[in-house]
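Listing of entry_24.tsv, TSV, C-alpha atoms
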```tsv
chain	number	residue	atom	x	y	z
A	27	MET	CA	28.65	-5.27	-15.11
A	28	GLU	CA	28.37	-7.00	-11.74
A	29	SER	CA	27.77	-5.44	-8.34
A	30	GLU	CA	28.17	-7.12	-4.98
A	31	LEU	CA	26.39	-6.62	-1.67
A	32	SER	CA	28.25	-8.13	1.25
A	33	PHE	CA	26.37	-9.58	4.23
A	34	SER	CA	27.30	-9.95	7.86
A	35	ALA	CA	25.28	-12.06	10.27
A	36	ALA	CA	23.54	-8.85	11.38
A	37	ASP	CA	22.66	-7.97	7.78
A	38	LEU	CA	21.05	-11.37	7.26
A	39	ALA	CA	19.11	-10.97	10.49
A	40	GLN	CA	17.79	-7.60	9.26
A	41	THR	CA	16.74	-8.85	5.83
A	42	ARG	CA	12.97	-8.59	5.42
A	43	PHE	CA	10.17	-8.47	2.85
A	44	ALA	CA	7.72	-5.65	2.17
A	45	VAL	CA	4.88	-4.99	-0.26
A	46	SER	CA	5.25	-1.38	-1.40
A	47	PRO	CA	2.45	0.56	-3.18
A	48	MET	CA	4.96	3.15	-4.42
A	49	TRP	CA	7.15	0.54	-6.08
A	50	GLU	CA	4.03	-0.59	-7.98
A	51	VAL	CA	3.25	3.03	-8.88
A	52	VAL	CA	6.66	3.79	-10.41
A	53	THR	CA	7.15	0.43	-12.13
A	54	SER	CA	3.64	0.32	-13.60
A	55	PHE	CA	3.79	3.96	-14.72
A	56	ARG	CA	7.12	3.26	-16.38
A	57	LEU	CA	5.58	0.33	-18.27
A	58	LEU	CA	2.85	2.61	-19.61
A	59	ARG	CA	5.54	4.95	-20.92
A	60	GLU	CA	6.96	2.21	-23.15
A	61	ASP	CA	6.24	2.40	-26.89
A	62	VAL	CA	5.31	-1.28	-26.98
A	63	ASP	CA	2.62	-2.80	-24.77
A	64	PRO	CA	4.18	-5.00	-22.08
A	65	PRO	CA	3.33	-8.61	-23.02
A	66	LEU	CA	2.45	-9.78	-19.50
A	67	HIS	CA	0.37	-6.68	-18.77
A	68	ARG	CA	-1.24	-6.00	-22.16
A	69	ARG	CA	-4.79	-6.51	-20.87
A	70	TRP	CA	-4.23	-4.13	-17.95
A	71	ALA	CA	-2.43	-1.52	-20.06
A	72	ALA	CA	-5.20	-1.46	-22.68
A	73	GLN	CA	-7.72	-0.55	-19.98
A	74	VAL	CA	-5.56	1.88	-18.04
A	75	ARG	CA	-3.63	3.85	-20.66
A	76	PRO	CA	-6.71	5.77	-21.98
A	77	ARG	CA	-7.71	6.76	-18.43
A	78	VAL	CA	-4.21	8.02	-17.66
A	79	ALA	CA	-4.14	10.03	-20.89
A	80	ARG	CA	-7.57	11.58	-20.25
A	81	ALA	CA	-6.36	12.70	-16.82
A	82	GLY	CA	-3.27	14.31	-18.39
A	83	LEU	CA	-0.91	12.24	-16.28
A	84	ASP	CA	1.16	11.25	-19.30
A	85	ARG	CA	2.39	14.85	-19.54
A	86	GLY	CA	2.48	15.89	-15.88
A	87	LEU	CA	5.15	16.03	-13.19
A	88	LEU	CA	5.01	12.29	-12.52
A	89	ALA	CA	5.73	11.65	-16.21
A	90	ARG	CA	8.84	13.84	-16.01
A	91	LEU	CA	10.05	11.98	-12.92
A	92	VAL	CA	9.34	8.54	-14.43
A	93	PRO	CA	10.34	9.08	-18.07
A	94	GLY	CA	11.10	5.45	-18.85
A	95	GLY	CA	14.53	3.91	-19.19
A	96	THR	CA	16.59	2.48	-16.35
A	97	PHE	CA	16.76	5.26	-13.75
A	98	LEU	CA	14.05	5.65	-11.11
A	99	ALA	CA	14.12	8.56	-8.69
A	100	ASP	CA	15.05	7.15	-5.29
A	101	PHE	CA	12.89	9.60	-3.35
A	102	LEU	CA	9.81	8.04	-5.00
A	103	THR	CA	10.44	4.70	-3.27
A	104	PRO	CA	10.98	5.51	0.42
A	105	THR	CA	11.91	2.76	2.83
A	106	PRO	CA	8.75	0.86	3.89
A	107	THR	CA	8.21	1.10	7.64
A	108	GLY	CA	6.54	-2.30	7.82
A	109	PRO	CA	5.68	-5.32	5.68
A	110	PHE	CA	2.51	-3.78	4.22
A	111	PRO	CA	2.74	0.04	4.19
A	112	THR	CA	-0.17	2.11	2.90
A	113	LEU	CA	0.03	4.48	-0.04
A	114	ALA	CA	-0.82	7.37	2.31
A	115	GLY	CA	2.10	6.48	4.57
A	116	GLU	CA	4.52	6.31	1.66
A	117	LEU	CA	3.27	9.63	0.28
A	118	ASP	CA	3.96	11.20	3.69
A	119	ALA	CA	7.52	9.88	3.42
A	120	ILE	CA	7.85	11.40	-0.07
A	121	ARG	CA	6.69	14.77	1.24
A	122	GLY	CA	9.42	14.50	3.88
A	123	ALA	CA	12.19	13.54	1.44
A	124	SER	CA	15.48	15.31	2.03
A	125	PRO	CA	16.35	18.20	-0.33
A	126	GLU	CA	19.73	16.57	-0.93
A	127	LEU	CA	18.12	13.38	-2.25
A	128	ILE	CA	15.69	15.32	-4.45
A	129	ARG	CA	18.55	17.42	-5.80
A	130	ARG	CA	20.59	14.30	-6.60
A	131	ASP	CA	17.67	12.63	-8.38
A	132	ALA	CA	16.72	15.76	-10.30
A	133	GLY	CA	20.25	15.90	-11.71
A	134	LYS	CA	19.58	12.60	-13.50
A	135	LEU	CA	16.13	13.47	-14.82
A	136	PRO	CA	14.61	15.92	-17.34
A	137	VAL	CA	13.27	18.16	-14.56
A	138	ALA	CA	14.75	21.00	-12.54
A	139	GLU	CA	14.87	20.65	-8.76
A	140	GLY	CA	12.80	23.83	-8.36
A	141	ASP	CA	10.01	22.33	-10.50
A	142	ILE	CA	9.47	19.39	-8.13
A	143	ASP	CA	6.41	20.45	-6.16
A	144	LEU	CA	5.91	17.54	-3.73
A	145	ASP	CA	2.27	18.36	-2.96
A	146	ARG	CA	1.44	18.49	-6.66
A	147	LEU	CA	3.39	15.28	-7.24
A	148	CYS	CA	1.56	13.44	-4.46
A	149	ALA	CA	-1.78	14.62	-5.86
A	150	GLU	CA	-0.84	13.19	-9.27
A	151	ILE	CA	0.22	9.91	-7.68
A	152	GLU	CA	-3.11	9.66	-5.84
A	153	THR	CA	-4.97	10.27	-9.11
A	154	TYR	CA	-2.86	7.67	-10.91
A	155	TRP	CA	-3.43	5.18	-8.11
A	156	GLU	CA	-7.20	5.62	-8.29
A	157	LEU	CA	-7.25	5.20	-12.08
A	158	ALA	CA	-4.60	2.55	-12.67
A	159	LEU	CA	-4.00	0.47	-9.55
A	160	ALA	CA	-6.76	0.79	-6.94
A	161	PRO	CA	-9.39	-1.05	-9.04
A	162	TYR	CA	-6.96	-3.95	-9.42
A	163	TRP	CA	-5.21	-3.75	-6.06
A	164	ALA	CA	-6.99	-6.72	-4.47
A	165	ARG	CA	-5.65	-8.92	-7.27
A	166	ILE	CA	-2.17	-7.36	-7.31
A	167	ARG	CA	-1.75	-7.38	-3.53
A	168	SER	CA	-2.91	-10.99	-3.39
A	169	LEU	CA	-0.15	-11.93	-5.83
A	170	LEU	CA	2.51	-10.01	-3.90
A	171	GLU	CA	1.43	-11.36	-0.52
A	172	ALA	CA	1.45	-14.90	-1.87
A	173	ASP	CA	5.05	-14.38	-2.98
A	174	VAL	CA	6.03	-13.07	0.47
A	175	PHE	CA	4.30	-15.97	2.24
A	176	HIS	CA	5.99	-18.51	-0.05
A	177	ARG	CA	9.47	-17.07	0.42
A	178	ALA	CA	9.00	-16.63	4.16
A	179	ARG	CA	8.19	-20.33	4.36
A	180	GLN	CA	11.28	-21.08	2.27
A	181	VAL	CA	13.41	-19.06	4.71
A	182	ALA	CA	11.98	-21.04	7.61
A	183	GLU	CA	12.63	-24.36	5.87
A	184	HIS	CA	15.89	-23.75	4.01
A	185	GLY	CA	17.40	-20.48	5.26
A	186	SER	CA	17.89	-17.01	3.81
A	187	ALA	CA	20.80	-17.94	1.54
A	188	ARG	CA	18.69	-20.26	-0.61
A	189	VAL	CA	15.89	-17.72	-0.96
A	190	LEU	CA	18.31	-14.95	-1.95
A	191	GLY	CA	19.79	-17.19	-4.61
A	192	GLU	CA	16.39	-17.93	-6.16
A	193	LEU	CA	15.00	-14.40	-6.52
A	194	HIS	CA	15.97	-13.86	-10.15
A	195	GLU	CA	18.30	-15.20	-12.83
A	196	THR	CA	20.56	-12.14	-12.43
A	197	VAL	CA	20.83	-12.51	-8.63
A	198	ARG	CA	23.29	-14.99	-7.16
A	199	TRP	CA	24.25	-15.77	-3.56
A	200	ASP	CA	27.88	-16.72	-3.09
A	201	ASP	CA	29.54	-17.23	0.30
A	202	GLY	CA	28.11	-14.26	2.19
A	203	THR	CA	27.77	-11.99	-0.86
A	204	LEU	CA	24.74	-11.16	-3.00
A	205	LYS	CA	25.91	-10.70	-6.58
A	206	LEU	CA	23.87	-8.92	-9.23
A	207	VAL	CA	25.06	-9.61	-12.77
A	208	ARG	CA	24.30	-7.62	-15.92
A	209	ARG	CA	23.35	-4.58	-13.86
A	210	SER	CA	23.69	-0.97	-15.06
A	211	CYS	CA	23.63	0.42	-11.50
A	212	SER	CA	25.59	-0.67	-8.47
A	213	LEU	CA	24.31	-2.08	-5.20
A	214	THR	CA	27.07	-2.03	-2.63
A	215	ARG	CA	27.12	-1.93	1.14
A	216	ASP	CA	29.09	1.33	1.31
A	217	LYS	CA	26.24	3.15	-0.47
A	218	ALA	CA	23.48	1.93	1.84
A	219	GLY	CA	22.69	0.91	5.40
A	220	SER	CA	22.55	-2.52	6.99
A	221	GLY	CA	20.16	-5.33	6.17
A	222	LEU	CA	18.18	-5.73	2.94
A	223	LEU	CA	14.60	-5.00	1.90
A	224	LEU	CA	13.16	-7.45	-0.63
A	225	ILE	CA	10.19	-6.00	-2.55
A	226	PRO	CA	8.12	-8.34	-4.74
A	227	SER	CA	6.64	-6.46	-7.69
A	228	ALA	CA	4.01	-7.20	-10.31
A	229	PHE	CA	5.47	-4.67	-12.76
A	230	ALA	CA	9.25	-4.90	-12.33
A	231	TRP	CA	9.45	-7.88	-14.73
A	232	PRO	CA	11.71	-8.82	-16.44
A	233	LYS	CA	14.34	-6.99	-14.35
A	234	VAL	CA	15.36	-6.53	-10.76
A	235	LEU	CA	15.53	-2.91	-9.61
A	236	THR	CA	17.53	-1.49	-6.74
A	237	ARG	CA	17.65	1.48	-4.39
A	238	SER	CA	20.75	2.45	-2.42
A	239	VAL	CA	20.42	5.50	-0.20
A	240	ALA	CA	22.43	5.62	3.03
A	241	PRO	CA	21.62	5.19	5.84
A	242	ASP	CA	18.51	3.32	4.63
A	243	PRO	CA	18.79	-0.42	4.02
A	244	PRO	CA	19.25	-1.29	0.34
A	245	GLN	CA	16.11	-2.29	-1.53
A	246	LEU	CA	15.81	-4.92	-4.23
A	247	ALA	CA	12.54	-5.08	-6.19
A	248	TYR	CA	12.14	-8.37	-8.05
A	249	PRO	CA	9.38	-9.94	-10.20
A	250	ALA	CA	6.86	-11.75	-8.03
A	251	ARG	CA	6.00	-15.38	-8.69
A	252	GLY	CA	2.93	-16.02	-10.85
A	253	ILE	CA	2.91	-12.76	-12.83
A	254	GLY	CA	2.04	-14.64	-16.01
A	255	ASN	CA	-1.38	-15.51	-14.55
A	256	LEU	CA	-2.10	-12.14	-12.97
A	257	TRP	CA	-4.61	-10.90	-15.56
A	258	GLU	CA	-6.14	-14.23	-16.54
A	259	PRO	CA	-9.93	-14.51	-16.01
A	260	ARG	CA	-10.53	-16.21	-12.68
A	261	THR	CA	-14.24	-16.74	-12.21
A	262	THR	CA	-15.44	-20.35	-12.41
A	263	GLY	CA	-18.96	-21.27	-13.39
A	264	SER	CA	-19.54	-23.71	-10.54
A	265	ALA	CA	-18.43	-21.17	-7.95
A	266	THR	CA	-20.69	-18.49	-9.46
A	267	GLU	CA	-23.67	-20.84	-9.22
A	268	ALA	CA	-22.90	-21.56	-5.57
A	269	VAL	CA	-22.61	-17.85	-4.76
A	270	ALA	CA	-25.84	-17.13	-6.67
A	271	ALA	CA	-27.71	-19.47	-4.36
A	272	VAL	CA	-26.70	-17.23	-1.45
A	273	ILE	CA	-26.75	-13.64	-2.77
A	274	GLY	CA	-28.98	-13.99	-5.83
A	275	ARG	CA	-28.30	-14.59	-9.51
A	276	SER	CA	-28.10	-10.92	-10.55
A	277	ARG	CA	-25.54	-10.00	-7.91
A	278	ALA	CA	-23.49	-13.12	-8.61
A	279	LEU	CA	-23.57	-12.22	-12.31
A	280	LEU	CA	-22.28	-8.72	-11.55
A	281	LEU	CA	-19.46	-10.12	-9.42
A	282	ALA	CA	-18.50	-12.47	-12.25
A	283	GLU	CA	-18.44	-9.57	-14.74
A	284	LEU	CA	-16.20	-7.61	-12.38
A	285	ASP	CA	-13.28	-9.90	-13.13
A	286	THR	CA	-12.33	-6.67	-14.93
A	287	PRO	CA	-13.23	-3.36	-13.22
A	288	ALA	CA	-16.20	-1.69	-14.92
A	289	SER	CA	-18.67	1.17	-14.60
A	290	THR	CA	-22.41	0.90	-14.01
A	291	THR	CA	-23.08	1.65	-17.68
A	292	GLN	CA	-20.67	-1.02	-18.86
A	293	LEU	CA	-22.15	-3.60	-16.50
A	294	ALA	CA	-25.68	-2.78	-17.64
A	295	ALA	CA	-24.61	-3.31	-21.26
A	296	THR	CA	-22.89	-6.65	-20.63
A	297	THR	CA	-25.45	-8.16	-18.24
A	298	GLY	CA	-28.72	-6.91	-19.73
A	299	LEU	CA	-29.79	-5.46	-16.38
A	300	SER	CA	-31.05	-1.89	-16.18
A	301	ALA	CA	-28.61	0.76	-15.03
A	302	ALA	CA	-30.82	1.43	-11.99
A	303	ALA	CA	-30.84	-2.26	-11.02
A	304	VAL	CA	-27.08	-2.50	-11.47
A	305	SER	CA	-26.59	0.55	-9.26
A	306	GLN	CA	-28.79	-0.87	-6.49
A	307	HIS	CA	-27.03	-4.24	-6.56
A	308	LEU	CA	-23.59	-2.62	-6.51
A	309	ILE	CA	-24.51	-0.54	-3.46
A	310	ALA	CA	-25.56	-3.72	-1.65
A	311	LEU	CA	-22.39	-5.55	-2.72
A	312	LYS	CA	-20.25	-2.61	-1.62
A	313	HIS	CA	-21.89	-2.58	1.82
A	314	ALA	CA	-21.19	-6.31	2.06
A	315	GLY	CA	-17.51	-5.74	1.32
A	316	LEU	CA	-17.61	-7.62	-1.99
A	317	VAL	CA	-16.90	-4.68	-4.32
A	318	SER	CA	-15.00	-1.41	-4.08
A	319	ALA	CA	-15.64	1.86	-5.94
A	320	HIS	CA	-13.00	4.06	-7.60
A	321	ARG	CA	-13.51	7.44	-9.24
A	322	SER	CA	-12.43	7.62	-12.90
A	323	GLY	CA	-13.18	11.07	-14.30
A	324	ARG	CA	-16.95	11.50	-14.37
A	325	SER	CA	-17.67	7.82	-13.86
A	326	VAL	CA	-17.00	5.29	-11.10
A	327	LEU	CA	-15.24	1.99	-11.64
A	328	TYR	CA	-16.31	-0.96	-9.52
A	329	ALA	CA	-13.95	-3.83	-8.71
A	330	ARG	CA	-14.17	-7.09	-6.82
A	331	THR	CA	-12.51	-7.21	-3.42
A	332	ALA	CA	-10.23	-9.99	-2.23
A	333	VAL	CA	-13.17	-11.49	-0.31
A	334	ALA	CA	-15.23	-11.71	-3.51
A	335	ASP	CA	-12.27	-13.21	-5.37
A	336	ALA	CA	-11.97	-15.90	-2.72
A	337	LEU	CA	-15.69	-16.73	-3.10
A	338	LEU	CA	-15.70	-16.85	-6.89
A	339	CYS	CA	-12.21	-18.19	-7.57
A	340	PRO	CA	-11.49	-21.36	-5.55
A	341	GLY	CA	-7.77	-22.03	-5.42
A	342	SER	CA	-6.83	-18.38	-5.99
A	343	HIS	CA	-4.18	-16.56	-3.96
A	344	ALA	CA	-6.93	-14.78	-2.01
A	345	ASP	CA	-8.69	-18.06	-1.30
A	346	ARG	CA	-5.52	-19.69	0.03
A	347	GLN	CA	-4.77	-16.66	2.20
A	348	LEU	CA	-8.23	-16.79	3.76
A	349	GLU	CA	-7.69	-20.48	4.50
A	350	THR	CA	-4.38	-19.64	6.15
A	351	LEU	CA	-5.98	-16.93	8.28
```
Output the structure of this file as structure tokens.
Amino acid sequence: MESELSFSAADLAQTRFAVSPMWEVVTSFRLLREDVDPPLHRRWAAQVRPRVARAGLDRGLLARLVPGGTFLADFLTPTPTGPFPTLAGELDAIRGASPELIRRDAGKLPVAEGDIDLDRLCAEIETYWELALAPYWARIRSLLEADVFHRARQVAEHGSARVLGELHETVRWDDGTLKLVRRSCSLTRDKAGSGLLLIPSAFAWPKVLTRSVAPDPPQLAYPARGIGNLWEPRTTGSATEAVAAVIGRSRALLLAELDTPASTTQLAATTGLSAAAVSQHLIALKHAGLVSAHRSGRSVLYARTAVADALLCPGSHADRQLETL
């Protein structure tokens, strides 16, 4: 099946990129619902799936709205208001979703319209975000922003048509028309508004996903560049030594261990430091903006921030972005 999205000069002028937290929520949650671990995200899924199960999210309302398969409820991916919307802003848009859209989506899902409690749903999404995405968001957002910056530069150098034709193997630009081949759902101009929103995603791979809800602009979520390296260890020994000379060896060691989010107890076990010492160092690193804390049940997961990644991982996406800024 092939669908076509026609473009006028005005549509091209209104084509823009956005990094959407909610697109990452629905696509990552859908991956966790698969029977087989996703090959590119196996390391992430192994850490996250037990947390999601302990929180009961695998059998809650979000699980009924994202059951796996090809269909994604359109009201879960509202139109981003800017290039980098916040999760809170997108949840506000979900709470304000039209009853007609919710009714239409519910008709395609194993849930009755009357069972969709938006406040309860948003609470589940916030819990899922804290468990599954927030500890890794600095790394994920860095990947997505790098994709946006790269393609924006390509637009400036070669024009929009070339960029649209290089998004994915199933997307083709042909004389004023964007063609999507081997697609089970349609993306046509009569089902959506003007322009086009391009959403890079870490979890959409290997497909492109679409949203068409008039009068909103159509959305196309595509796999971001560099996904294959997303979960690879990034800390380099030479960089850790250089950072240790500034902040101390113990704190540099903790930052290196936080290539994967971990709790105080886990860090004490892997570093040989006492739990009390780990806690004190983490508080100092958090105040310095080098780590972030995320509640996971009765424990707290600590993760490196983008600033810490840039210090410890020369040549990383975060490092190049800081150079650009």
Polymer residues at most 12 Å from Val52 of chain A, only C-alpha atoms, same-chain spacing of 5 or more positions, as an mmCIF file with C-alpha atoms, in the coordinates of the input:
```
data_model
loop_
_atom_site.group_PDB
_atom_site.id
_atom_site.type_symbol
_atom_site.label_atom_id
_atom_site.label_comp_id
_atom_site.auth_asym_id
_atom_site.auth_seq_id
_atom_site.Cartn_x
_atom_site.Cartn_y
_atom_site.Cartn_z
ATOM 1 C CA SER A 46 5.250 -1.380 -1.400
ATOM 2 C CA PRO A 47 2.450 0.560 -3.180
ATOM 3 C CA LEU A 57 5.580 0.330 -18.270
ATOM 4 C CA LEU A 58 2.850 2.610 -19.610
ATOM 5 C CA ARG A 59 5.540 4.950 -20.920
ATOM 6 C CA LEU A 88 5.010 12.290 -12.520
ATOM 7 C CA ALA A 89 5.730 11.650 -16.210
ATOM 8 C CA ARG A 90 8.840 13.840 -16.010
ATOM 9 C CA LEU A 91 10.050 11.980 -12.920
ATOM 10 C CA VAL A 92 9.340 8.540 -14.430
ATOM 11 C CA PRO A 93 10.340 9.080 -18.070
ATOM 12 C CA GLY A 94 11.100 5.450 -18.850
ATOM 13 C CA GLY A 95 14.530 3.910 -19.190
ATOM 14 C CA THR A 96 16.590 2.480 -16.350
ATOM 15 C CA PHE A 97 16.760 5.260 -13.750
ATOM 16 C CA LEU A 98 14.050 5.650 -11.110
ATOM 17 C CA ALA A 99 14.120 8.560 -8.690
ATOM 18 C CA ASP A 100 15.050 7.150 -5.290
ATOM 19 C CA PHE A 101 12.890 9.600 -3.350
ATOM 20 C CA LEU A 102 9.810 8.040 -5.000
ATOM 21 C CA THR A 103 10.440 4.700 -3.270
ATOM 22 C CA PRO A 104 10.980 5.510 0.420
ATOM 23 C CA ILE A 151 0.220 9.910 -7.680
ATOM 24 C CA TYR A 154 -2.860 7.670 -10.910
ATOM 25 C CA TRP A 155 -3.430 5.180 -8.110
ATOM 26 C CA ALA A 158 -4.600 2.550 -12.670
ATOM 27 C CA LEU A 159 -4.000 0.470 -9.550
ATOM 28 C CA SER A 227 6.640 -6.460 -7.690
ATOM 29 C CA ALA A 228 4.010 -7.200 -10.310
ATOM 30 C CA PHE A 229 5.470 -4.670 -12.760
ATOM 31 C CA ALA A 230 9.250 -4.900 -12.330
ATOM 32 C CA LEU A 235 15.530 -2.910 -9.610
ATOM 33 C CA ALA A 247 12.540 -5.080 -6.190
#
```
Q: Between A:Ala164, A:Val197, A:Ile120, A:Ala268, single out the one closest to Asp143 of chain A, counting only C-alpha atoms.
A: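 So, comparing all the options, the nearest one is A:Ile120.
Across the structure, atom CA of Ser32 of chain A and atom CA of Ala182 of chain A are spaced 21.7 Å apart.
Proximity of A:Leu299, A:Pro241, A:Arg75, A:Pro136 to Arg56 of chain A, computed with only C-alpha atoms, is greatest for A:Arg75.
We find atom CA of Leu337 of chain A and atom CA of Thr266 of chain A to be spaced 8.3 Å apart.
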**Q.** Point-to-point distance from atom CA of Leu281 of chain A to atom CA of Ala302 of chain A, Å rounded to tenths
**A.**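 Distance between the two atoms: 16.4 Å.
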Q: Give me the residues within 6 Å of Gly219 of chain A as a PyMOL selection string, counting only C-alpha atoms and dropping any in the same chain fewer than 5 places off.
A: chain A and resi 240-243
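Comparing the minimum interatomic distances between Phe33 of chain A and each of A:Pro244, A:Pro111, A:Gly298, A:Gly221, counting all atoms listed in the file, we find that A:Gly221 sits nearest.
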(Q) At a cut-off of 10 Å, using only C-alpha atoms, what residues contact Ala36 of chain A? Leave out same-chain residues fewer than 4 positions from it and give the result as JSON, numbers by chain. (A) {"A": [40, 41, 220, 221]}
Q.
Could you check the closest approach to His67 of chain A for each of A:Val304, A:Ser54, A:Asp216, A:Ala278 and tell me which residue wins, using only C-alpha atoms?
A. A:Ser54
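If all atoms listed in the file are the atoms counted, then among A:Ala303, A:Val272, A:Ala218, A:Ala187 the closest residue to Ala35 of chain A is A:Ala187.
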(Q) With 6 Å as the threshold, what does the neighbourhood of (15.2, -1.6, -2.9) contain in terms of residues, counting only C-alpha atoms? Coordinates are those of the file; answer as a PyMOL selection string. (A) chain A and resi 223+236-237+244-247
Q. Looking at A:Lys205, A:Asp131, A:Pro161, A:Thr112, which one is nearest to Arg321 of chain A, with distances taken over only C-alpha atoms?
A.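 Ranking A:Lys205, A:Asp131, A:Pro161, A:Thr112 by distance to Arg321 of chain A, first place goes to A:Pro161.
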Q) Which residues come within 10 Å of Arg129 of chain A, counting only C-alpha atoms, excluding same-chain residues fewer than 2 positions away, as a PyMOL selection string? A) chain A and resi 101+124-127+131-134+138-140+142
Mind checking which residues fall within 10 Å of Ala319 of chain A, counting all atoms listed in the file, ignoring those fewer than 5 positions away in the same chain, and posting them as a PDB file with C-alpha atoms, keeping the file's coordinate frame?
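Output (out18.pdb):
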```pdb
ATOM      1  CA  GLU A 156      -7.200   5.620  -8.290  1.00  0.00           C
ATOM      2  CA  ALA A 160      -6.760   0.790  -6.940  1.00  0.00           C
ATOM      3  CA  PRO A 161      -9.390  -1.050  -9.040  1.00  0.00           C
ATOM      4  CA  PRO A 287     -13.230  -3.360 -13.220  1.00  0.00           C
ATOM      5  CA  ALA A 288     -16.200  -1.690 -14.920  1.00  0.00           C
ATOM      6  CA  SER A 289     -18.670   1.170 -14.600  1.00  0.00           C
ATOM      7  CA  LEU A 308     -23.590  -2.620  -6.510  1.00  0.00           C
ATOM      8  CA  ILE A 309     -24.510  -0.540  -3.460  1.00  0.00           C
ATOM      9  CA  LYS A 312     -20.250  -2.610  -1.620  1.00  0.00           C
ATOM     10  CA  VAL A 326     -17.000   5.290 -11.100  1.00  0.00           C
ATOM     11  CA  LEU A 327     -15.240   1.990 -11.640  1.00  0.00           C
ATOM     12  CA  TYR A 328     -16.310  -0.960  -9.520  1.00  0.00           C
ATOM     13  CA  ALA A 329     -13.950  -3.830  -8.710  1.00  0.00           C
ATOM     14  CA  ARG A 330     -14.170  -7.090  -6.820  1.00  0.00           C
ATOM     15  CA  THR A 331     -12.510  -7.210  -3.420  1.00  0.00           C
TER      16      THR A 331
END
```
Can you sort out segment 124-129 of chain A so it carries all heavy atoms, written as a PDB file, keeping the file's coordinate frame?
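Result written to result-v5.pdb:
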```pdb
ATOM      1  N   SER A 124      14.443  14.303   1.811  1.00  0.00           N
ATOM      2  CA  SER A 124      15.480  15.310   2.030  1.00  0.00           C
ATOM      3  C   SER A 124      15.760  16.096   0.749  1.00  0.00           C
ATOM      4  O   SER A 124      15.748  15.531  -0.354  1.00  0.00           O
ATOM      5  CB  SER A 124      16.774  14.642   2.502  1.00  0.00           C
ATOM      6  OG  SER A 124      17.384  13.929   1.439  1.00  0.00           O
ATOM      7  N   PRO A 125      16.004  17.397   0.856  1.00  0.00           N
ATOM      8  CA  PRO A 125      16.350  18.200  -0.330  1.00  0.00           C
ATOM      9  C   PRO A 125      17.575  17.668  -1.058  1.00  0.00           C
ATOM     10  O   PRO A 125      17.650  17.758  -2.288  1.00  0.00           O
ATOM     11  CB  PRO A 125      16.601  19.586   0.262  1.00  0.00           C
ATOM     12  CG  PRO A 125      15.830  19.620   1.545  1.00  0.00           C
ATOM     13  CD  PRO A 125      15.904  18.215   2.076  1.00  0.00           C
ATOM     14  N   GLU A 126      18.528  17.105  -0.305  1.00  0.00           N
ATOM     15  CA  GLU A 126      19.730  16.570  -0.930  1.00  0.00           C
ATOM     16  C   GLU A 126      19.392  15.405  -1.871  1.00  0.00           C
ATOM     17  O   GLU A 126      19.946  15.308  -2.973  1.00  0.00           O
ATOM     18  CB  GLU A 126      20.729  16.109   0.131  1.00  0.00           C
ATOM     19  CG  GLU A 126      21.323  17.222   0.977  1.00  0.00           C
ATOM     20  CD  GLU A 126      20.362  17.699   2.069  1.00  0.00           C
ATOM     21  OE1 GLU A 126      19.354  17.009   2.323  1.00  0.00           O
ATOM     22  OE2 GLU A 126      20.615  18.771   2.652  1.00  0.00           O
ATOM     23  N   LEU A 127      18.502  14.530  -1.422  1.00  0.00           N
ATOM     24  CA  LEU A 127      18.120  13.380  -2.250  1.00  0.00           C
ATOM     25  C   LEU A 127      17.354  13.844  -3.486  1.00  0.00           C
ATOM     26  O   LEU A 127      17.590  13.352  -4.599  1.00  0.00           O
ATOM     27  CB  LEU A 127      17.283  12.405  -1.432  1.00  0.00           C
ATOM     28  CG  LEU A 127      16.799  11.143  -2.158  1.00  0.00           C
ATOM     29  CD1 LEU A 127      17.980  10.362  -2.729  1.00  0.00           C
ATOM     30  CD2 LEU A 127      15.974  10.272  -1.221  1.00  0.00           C
ATOM     31  N   ILE A 128      16.444  14.796  -3.306  1.00  0.00           N
ATOM     32  CA  ILE A 128      15.690  15.320  -4.450  1.00  0.00           C
ATOM     33  C   ILE A 128      16.626  15.986  -5.445  1.00  0.00           C
ATOM     34  O   ILE A 128      16.500  15.801  -6.661  1.00  0.00           O
ATOM     35  CB  ILE A 128      14.606  16.309  -3.964  1.00  0.00           C
ATOM     36  CG1 ILE A 128      13.563  15.562  -3.119  1.00  0.00           C
ATOM     37  CG2 ILE A 128      13.948  17.009  -5.143  1.00  0.00           C
ATOM     38  CD1 ILE A 128      12.522  16.465  -2.498  1.00  0.00           C
ATOM     39  N   ARG A 129      17.590  16.741  -4.924  1.00  0.00           N
ATOM     40  CA  ARG A 129      18.550  17.420  -5.800  1.00  0.00           C
ATOM     41  C   ARG A 129      19.374  16.393  -6.592  1.00  0.00           C
ATOM     42  O   ARG A 129      19.616  16.552  -7.788  1.00  0.00           O
ATOM     43  CB  ARG A 129      19.471  18.306  -4.964  1.00  0.00           C
ATOM     44  CG  ARG A 129      20.439  19.171  -5.797  1.00  0.00           C
ATOM     45  CD  ARG A 129      21.305  20.041  -4.892  1.00  0.00           C
ATOM     46  NE  ARG A 129      20.496  20.832  -3.962  1.00  0.00           N
ATOM     47  CZ  ARG A 129      20.480  20.656  -2.641  1.00  0.00           C
ATOM     48  NH1 ARG A 129      21.254  19.730  -2.084  1.00  0.00           N
ATOM     49  NH2 ARG A 129      19.722  21.405  -1.876  1.00  0.00           N
TER      50      ARG A 129
END
```
